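See structure below.
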Amino acid sequence: MELCMSQVLNEFVSLESFGFMQDGSLLGYRLKDIEPELRCLIPRLDPSYVFEKDALSIMSAWFEIGSGEPLFISGPHGSGKTSFVNQYCARVNAPVISITARARLDRTDLIGGYVIDKDKSMRFADGPLTRAWRHGCVFLVNEMSAAPPDLWLSVNELLEGSPLYIPETGEVIHPHPRTRIVMTDNLRGLTEDYGSRYVGRFSQDPAVLDRFWKMRMDYMGEEAEVSLLEATTPELEVRGMSFEEWRKEFSVRLRRAADRVRQAYCRQTEDGAVAEATISTRVLLRFRDLLLLSYRSPAMKNEPRAALRRAMKIALTDCLEEAGALAVEKLVELEIGDIGKHIA
Ligand SMILES: Nc1ncnc2c1ncn2[C@@H]1O[C@H](COP(=O)(O)OP(=O)(O)OP(=O)(O)O)[C@@H](O)[C@H]1O
Ligand SMILES: [Mg+2]
């Protein structure tokens, strides 16, 4: 059955559910209209995910008017690209089929192929892209540039929302009105990021990228990242100030430390500081958890510097040689300071 767009996006999802305490809503799907067997593909909602206004407005515009064109989200590792798509879809009730690209991925991996059934007969099994086409899912490709450009060229017609023709079976599948394609990548696509060290990536064809809406997702802005840190720091006993004051200060310092390292990684500091690894949002959250664990461990109770270095090593710097690790740890130490002394 053919459905038109206005019938498909038939639910108002409040901005409040995206963390914005203001009137307004975005369009999504009514859960009861999603076939029961697809509901398990709707990502689990993480209430602590922090949306930023710009990204949300691009995503919602694309979702509402960009049907038939794919979306390309680029940004550094751990900046929240994949989780952004999943968390958006969790709120608008969109089922998601995800894959991660790789060098040997080919069209058959996407479209499907013959498999031997239990009764030894041959049967065509849909690949992930075919399933998304047939059932109306968001097809999420992570690390797009890990696959060679000719793969995406070979599905150019699908990037335009054309019907999918399966030569093996002769079947033609028109995209379900809910079908969407989103790809994420660390590279911008056409030009390399400064200081980019991603390996095994392929430059992509401009004709392929031409078909996409583009969204850049750098590490979060200060306010958003601090509020994420605040919202996810577990309550603990502190001395000399209230827990809320301490948590705010701790979160601000963590963010400043991350910022310092990020700038040093991109060689953008005035003092010429250099970092060989950077603190993504993913690493920052891990470091915070490890730091709290170290601060509270009896062995490091009065050794805040040792506690910080141990947490940083496990979170990030043990993949660097000694001098590189020390450089990052020192930058972090400059911002974190003695905040740990308040922990009871
Ligand atoms: N805005 C955010 N709100 C809450 N958590 C976030 C946010 N951004 C990132 N994170 C945290 O960082 C982790 C990494 O995010 P994610 O996997 O989405 O990054 P990515 O940009 O896809 O990274 P990669 O390029 O390495 O695939 C998430 O699991 C989540 O814990
Ligand atoms: Mg990702």
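Labeling convention for the structure tokens: chains A, B, ... as they appear, residues from 1 per chain, ligands from 1 in order of appearance.
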ask   = Which residues come within 10 Å of Thr191 (chain A), counting only C-alpha atoms, excluding same-chain residues fewer than 4 positions away, as a list of chain:residue names?
value = A:Leu187, A:Ser203, A:Gln204
Environment of ligand 1 within 6 Å, counting only C-alpha atoms and all ligand atoms, reported as a PyMOL selection string = chain A and resi 48-51+76-84+186+281-282
Restricting it to C-alpha atoms, dump the selection as a compact mmCIF listing (two decimals), in the first residue's frame.
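As a result, out.txt now contains:
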# COMPACT_ATOMS: atom_id res chain seq x y z
CA SER A 48 20.56 11.57 29.11
CA TYR A 49 21.38 12.13 25.43
CA VAL A 50 21.86 15.89 24.90
CA PHE A 51 20.63 17.37 21.61
CA PRO A 76 35.50 13.52 14.77
CA HIS A 77 35.38 10.16 16.56
CA GLY A 78 33.15 9.99 19.61
CA SER A 79 31.37 13.28 18.89
CA GLY A 80 27.96 11.63 19.06
CA LYS A 81 27.03 11.05 15.39
CA THR A 82 25.77 7.47 15.65
CA SER A 83 24.08 8.03 18.98
CA PHE A 84 22.47 11.22 17.63
CA ASN A 186 34.98 10.90 10.50
CA THR A 281 32.82 12.94 24.44
CA ARG A 282 33.00 9.16 24.69
Show me, as JSON lines, the residues of region 273-316 of chain A having an atom within 12 Å of region 230-240 of chain A, each with the closest atom pair and its distance in Å, using only C-alpha atoms.
{"residue": "A:Leu284", "atom": "CA", "partner": "A:Thr232", "partner_atom": "CA", "distance": 11.7}
{"residue": "A:Leu285", "atom": "CA", "partner": "A:Thr232", "partner_atom": "CA", "distance": 8.5}
{"residue": "A:Arg286", "atom": "CA", "partner": "A:Thr233", "partner_atom": "CA", "distance": 11.1}
{"residue": "A:Phe287", "atom": "CA", "partner": "A:Thr233", "partner_atom": "CA", "distance": 11.6}
{"residue": "A:Arg288", "atom": "CA", "partner": "A:Thr233", "partner_atom": "CA", "distance": 8.1}
{"residue": "A:Asp289", "atom": "CA", "partner": "A:Thr233", "partner_atom": "CA", "distance": 7.9}
{"residue": "A:Leu290", "atom": "CA", "partner": "A:Thr233", "partner_atom": "CA", "distance": 11.5}
{"residue": "A:Leu291", "atom": "CA", "partner": "A:Thr233", "partner_atom": "CA", "distance": 11.2}
{"residue": "A:Leu292", "atom": "CA", "partner": "A:Thr233", "partner_atom": "CA", "distance": 9.2}
{"residue": "A:Leu293", "atom": "CA", "partner": "A:Pro234", "partner_atom": "CA", "distance": 11.1}
{"residue": "A:Tyr295", "atom": "CA", "partner": "A:Leu236", "partner_atom": "CA", "distance": 11.5}
{"residue": "A:Arg296", "atom": "CA", "partner": "A:Leu236", "partner_atom": "CA", "distance": 10.1}
task = Going by DSSP on the backbone, which bits of region 105-186 of chain A are alpha helix (DSSP H)? Write them as a list in words, please.
result =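 Here are the alpha helix (DSSP H) residues of region 105-186 of chain A: Arg107, Thr108, Asp109, Leu110, Ile111, Pro128, Leu129, Thr130, Arg131, Ala132, Trp133, Arg134, His135, Pro149, Asp150, Leu151, Trp152, Leu153, Ser154, Asn156, Glu157, Leu158 and Leu159 of chain A.
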Preceding selection exported with N, CA, C and O atoms as a CSV table (one decimal), in the first residue's frame:
chain,number,residue,atom,x,y,z
A,107,ARG,N,28.1,-4.8,-3.0
A,107,ARG,CA,26.7,-4.6,-3.2
A,107,ARG,C,25.9,-5.7,-2.7
A,107,ARG,O,24.8,-5.5,-2.2
A,108,THR,N,26.4,-7.0,-2.8
A,108,THR,CA,25.6,-8.1,-2.3
A,108,THR,C,25.5,-8.0,-0.8
A,108,THR,O,24.4,-8.5,-0.3
A,109,ASP,N,26.5,-7.5,-0.1
A,109,ASP,CA,26.3,-7.4,1.4
A,109,ASP,C,25.2,-6.4,1.7
A,109,ASP,O,24.6,-6.5,2.8
A,110,LEU,N,24.9,-5.5,0.8
A,110,LEU,CA,23.8,-4.5,1.1
A,110,LEU,C,22.5,-5.1,0.6
A,110,LEU,O,21.5,-4.9,1.3
A,111,ILE,N,22.5,-5.6,-0.6
A,111,ILE,CA,21.2,-6.0,-1.2
A,111,ILE,C,20.7,-7.4,-0.8
A,111,ILE,O,19.6,-7.6,-0.6
A,128,PRO,N,20.6,-5.8,4.3
A,128,PRO,CA,20.1,-4.8,5.2
A,128,PRO,C,19.5,-3.6,4.4
A,128,PRO,O,18.4,-3.1,4.9
A,129,LEU,N,20.0,-3.3,3.3
A,129,LEU,CA,19.5,-2.2,2.5
A,129,LEU,C,18.1,-2.6,1.9
A,129,LEU,O,17.1,-1.8,1.9
A,130,THR,N,18.0,-3.8,1.5
A,130,THR,CA,16.8,-4.3,0.9
A,130,THR,C,15.7,-4.3,2.0
A,130,THR,O,14.5,-4.0,1.8
A,131,ARG,N,16.1,-4.7,3.2
A,131,ARG,CA,15.1,-4.8,4.3
A,131,ARG,C,14.6,-3.4,4.6
A,131,ARG,O,13.4,-3.2,4.8
A,132,ALA,N,15.5,-2.4,4.6
A,132,ALA,CA,15.1,-1.0,4.9
A,132,ALA,C,14.2,-0.5,3.8
A,132,ALA,O,13.2,0.2,4.0
A,133,TRP,N,14.5,-0.9,2.5
A,133,TRP,CA,13.6,-0.5,1.4
A,133,TRP,C,12.2,-1.1,1.5
A,133,TRP,O,11.3,-0.4,1.2
A,134,ARG,N,12.2,-2.4,1.8
A,134,ARG,CA,11.0,-3.1,1.8
A,134,ARG,C,10.1,-2.7,3.0
A,134,ARG,O,8.9,-2.5,2.9
A,135,HIS,N,10.7,-2.5,4.2
A,135,HIS,CA,9.9,-2.4,5.4
A,135,HIS,C,9.8,-1.0,6.0
A,135,HIS,O,9.1,-0.7,6.9
A,149,PRO,N,34.9,4.0,-2.9
A,149,PRO,CA,33.9,4.9,-3.5
A,149,PRO,C,33.0,4.1,-4.5
A,149,PRO,O,31.9,4.5,-4.7
A,150,ASP,N,33.6,3.1,-5.2
A,150,ASP,CA,32.8,2.4,-6.2
A,150,ASP,C,31.5,1.7,-5.6
A,150,ASP,O,30.5,1.5,-6.3
A,151,LEU,N,31.6,1.3,-4.3
A,151,LEU,CA,30.5,0.7,-3.7
A,151,LEU,C,29.3,1.7,-3.7
A,151,LEU,O,28.2,1.3,-4.1
A,152,TRP,N,29.6,2.9,-3.2
A,152,TRP,CA,28.5,3.8,-3.1
A,152,TRP,C,28.0,4.3,-4.4
A,152,TRP,O,26.8,4.5,-4.7
A,153,LEU,N,28.9,4.3,-5.4
A,153,LEU,CA,28.5,4.7,-6.8
A,153,LEU,C,27.6,3.6,-7.3
A,153,LEU,O,26.6,3.9,-8.0
A,154,SER,N,27.8,2.3,-6.9
A,154,SER,CA,27.0,1.3,-7.4
A,154,SER,C,25.6,1.3,-6.9
A,154,SER,O,24.7,0.6,-7.4
A,156,ASN,N,24.1,4.4,-6.4
A,156,ASN,CA,23.7,5.8,-6.6
A,156,ASN,C,22.2,5.9,-6.8
A,156,ASN,O,21.6,6.9,-6.3
A,157,GLU,N,21.6,5.0,-7.5
A,157,GLU,CA,20.1,5.2,-7.8
A,157,GLU,C,19.3,5.0,-6.5
A,157,GLU,O,18.3,5.7,-6.4
A,158,LEU,N,19.9,4.2,-5.6
A,158,LEU,CA,19.1,4.0,-4.3
A,158,LEU,C,19.3,5.3,-3.5
A,158,LEU,O,18.4,5.6,-2.7
A,159,LEU,N,20.5,5.9,-3.6
A,159,LEU,CA,20.7,7.1,-2.8
A,159,LEU,C,19.7,8.2,-3.2
A,159,LEU,O,19.5,9.2,-2.6
Contacts of Tyr88 (chain A) at 9 Å (only C-alpha atoms; same-chain gap of 5+ positions) as a PyMOL selection string = chain A and resi 18+43+45+51+56+59-60+83+93-94
ask   = From the set A:Val141, A:Leu27, A:Ala103, A:Ala147, which residue has the shortest atom-to-atom contact distance to ligand 2, counting only C-alpha atoms and all ligand atoms?
value = A:Val141
ask   = Of the candidates A:Ala224, A:Pro47, A:Val155, A:Gly337, which one gets nearest to Ala207 (chain A) if we count only C-alpha atoms?
value =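 Of A:Ala224, A:Pro47, A:Val155, A:Gly337, the one nearest Ala207 (chain A), counting only C-alpha atoms, is A:Val155.
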ask   = Given the choices A:Glu168, A:Glu37, A:Asp185, A:Asp106, which gets closest to Arg123 (chain A) if the distance is worked out from only C-alpha atoms?
value =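 Result for the nearest residue to Arg123 (chain A): A:Glu168.
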request  = Determine which residues of region 115-324 of chain A receive a DSSP assignment of strand (DSSP E), computed from the backbone, and state them as a PyMOL selection string.
outcome  = chain A and resi 115-116+122-126+138-142+164-166+171-173+180-185+213-216
message = Using only C-alpha atoms and all ligand atoms for the distances, tell me which of A:Ile173, A:Ile73, A:Ala306, A:Leu326 is nearest to ligand 2.
response =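 Closest to ligand 2, using only C-alpha atoms and all ligand atoms: A:Ile73.
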ask   = Hey, which of A:Glu143, A:Phe72, A:Gln87, A:Lys32 ends up closest to ligand 2? Count only C-alpha atoms and all ligand atoms.
value =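 Smallest separation from ligand 2 among the options: A:Glu143.
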request  = Please provide as an NGL selection string all residues within 6 Å of region 253-265 of chain A, with the sequence filter that same-chain residues fewer than 3 positions apart are discarded (counting only C-alpha atoms).
outcome  = :A and (250 or 268-269 or 273-276 or 278-279 or 332 or 335-336)
query = Can you tell me, as a PyMOL selection string, what residues are no more than 8 Å from Arg216 (chain A) when counting only C-alpha atoms, ignoring any on the same chain fewer than 3 positions away?
reply = chain A and resi 73-75+188
Those residues you just picked out, can you put them in a file as a short mmCIF file (atom, residue, chain, number, x, y, z; two decimals), in the first residue's frame with all heavy atoms?
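Output file out36.cif follows:
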data_model
loop_
_atom_site.label_atom_id
_atom_site.label_comp_id
_atom_site.auth_asym_id
_atom_site.auth_seq_id
_atom_site.Cartn_x
_atom_site.Cartn_y
_atom_site.Cartn_z
N ILE A 73 26.50 12.67 7.87
CA ILE A 73 26.93 13.37 9.09
C ILE A 73 28.43 13.11 9.28
O ILE A 73 28.85 11.97 9.44
CB ILE A 73 26.17 12.88 10.34
CG1 ILE A 73 24.66 12.94 10.11
CG2 ILE A 73 26.57 13.69 11.56
CD1 ILE A 73 23.82 12.42 11.28
N SER A 74 29.22 14.17 9.26
CA SER A 74 30.65 13.98 9.47
C SER A 74 31.06 14.63 10.78
O SER A 74 30.42 15.58 11.24
CB SER A 74 31.45 14.60 8.31
OG SER A 74 31.43 16.00 8.38
N GLY A 75 32.13 14.11 11.35
CA GLY A 75 32.62 14.69 12.60
C GLY A 75 33.67 13.79 13.21
O GLY A 75 33.78 12.61 12.84
N ARG A 188 35.28 14.51 6.21
CA ARG A 188 34.25 15.39 5.66
C ARG A 188 33.70 14.87 4.33
O ARG A 188 32.68 15.32 3.86
CB ARG A 188 34.82 16.79 5.43
CG ARG A 188 34.86 17.62 6.68
CD ARG A 188 35.41 18.99 6.39
NE ARG A 188 35.68 19.70 7.61
CZ ARG A 188 34.80 20.48 8.23
NH1 ARG A 188 33.60 20.63 7.74
NH2 ARG A 188 35.12 21.09 9.35
#
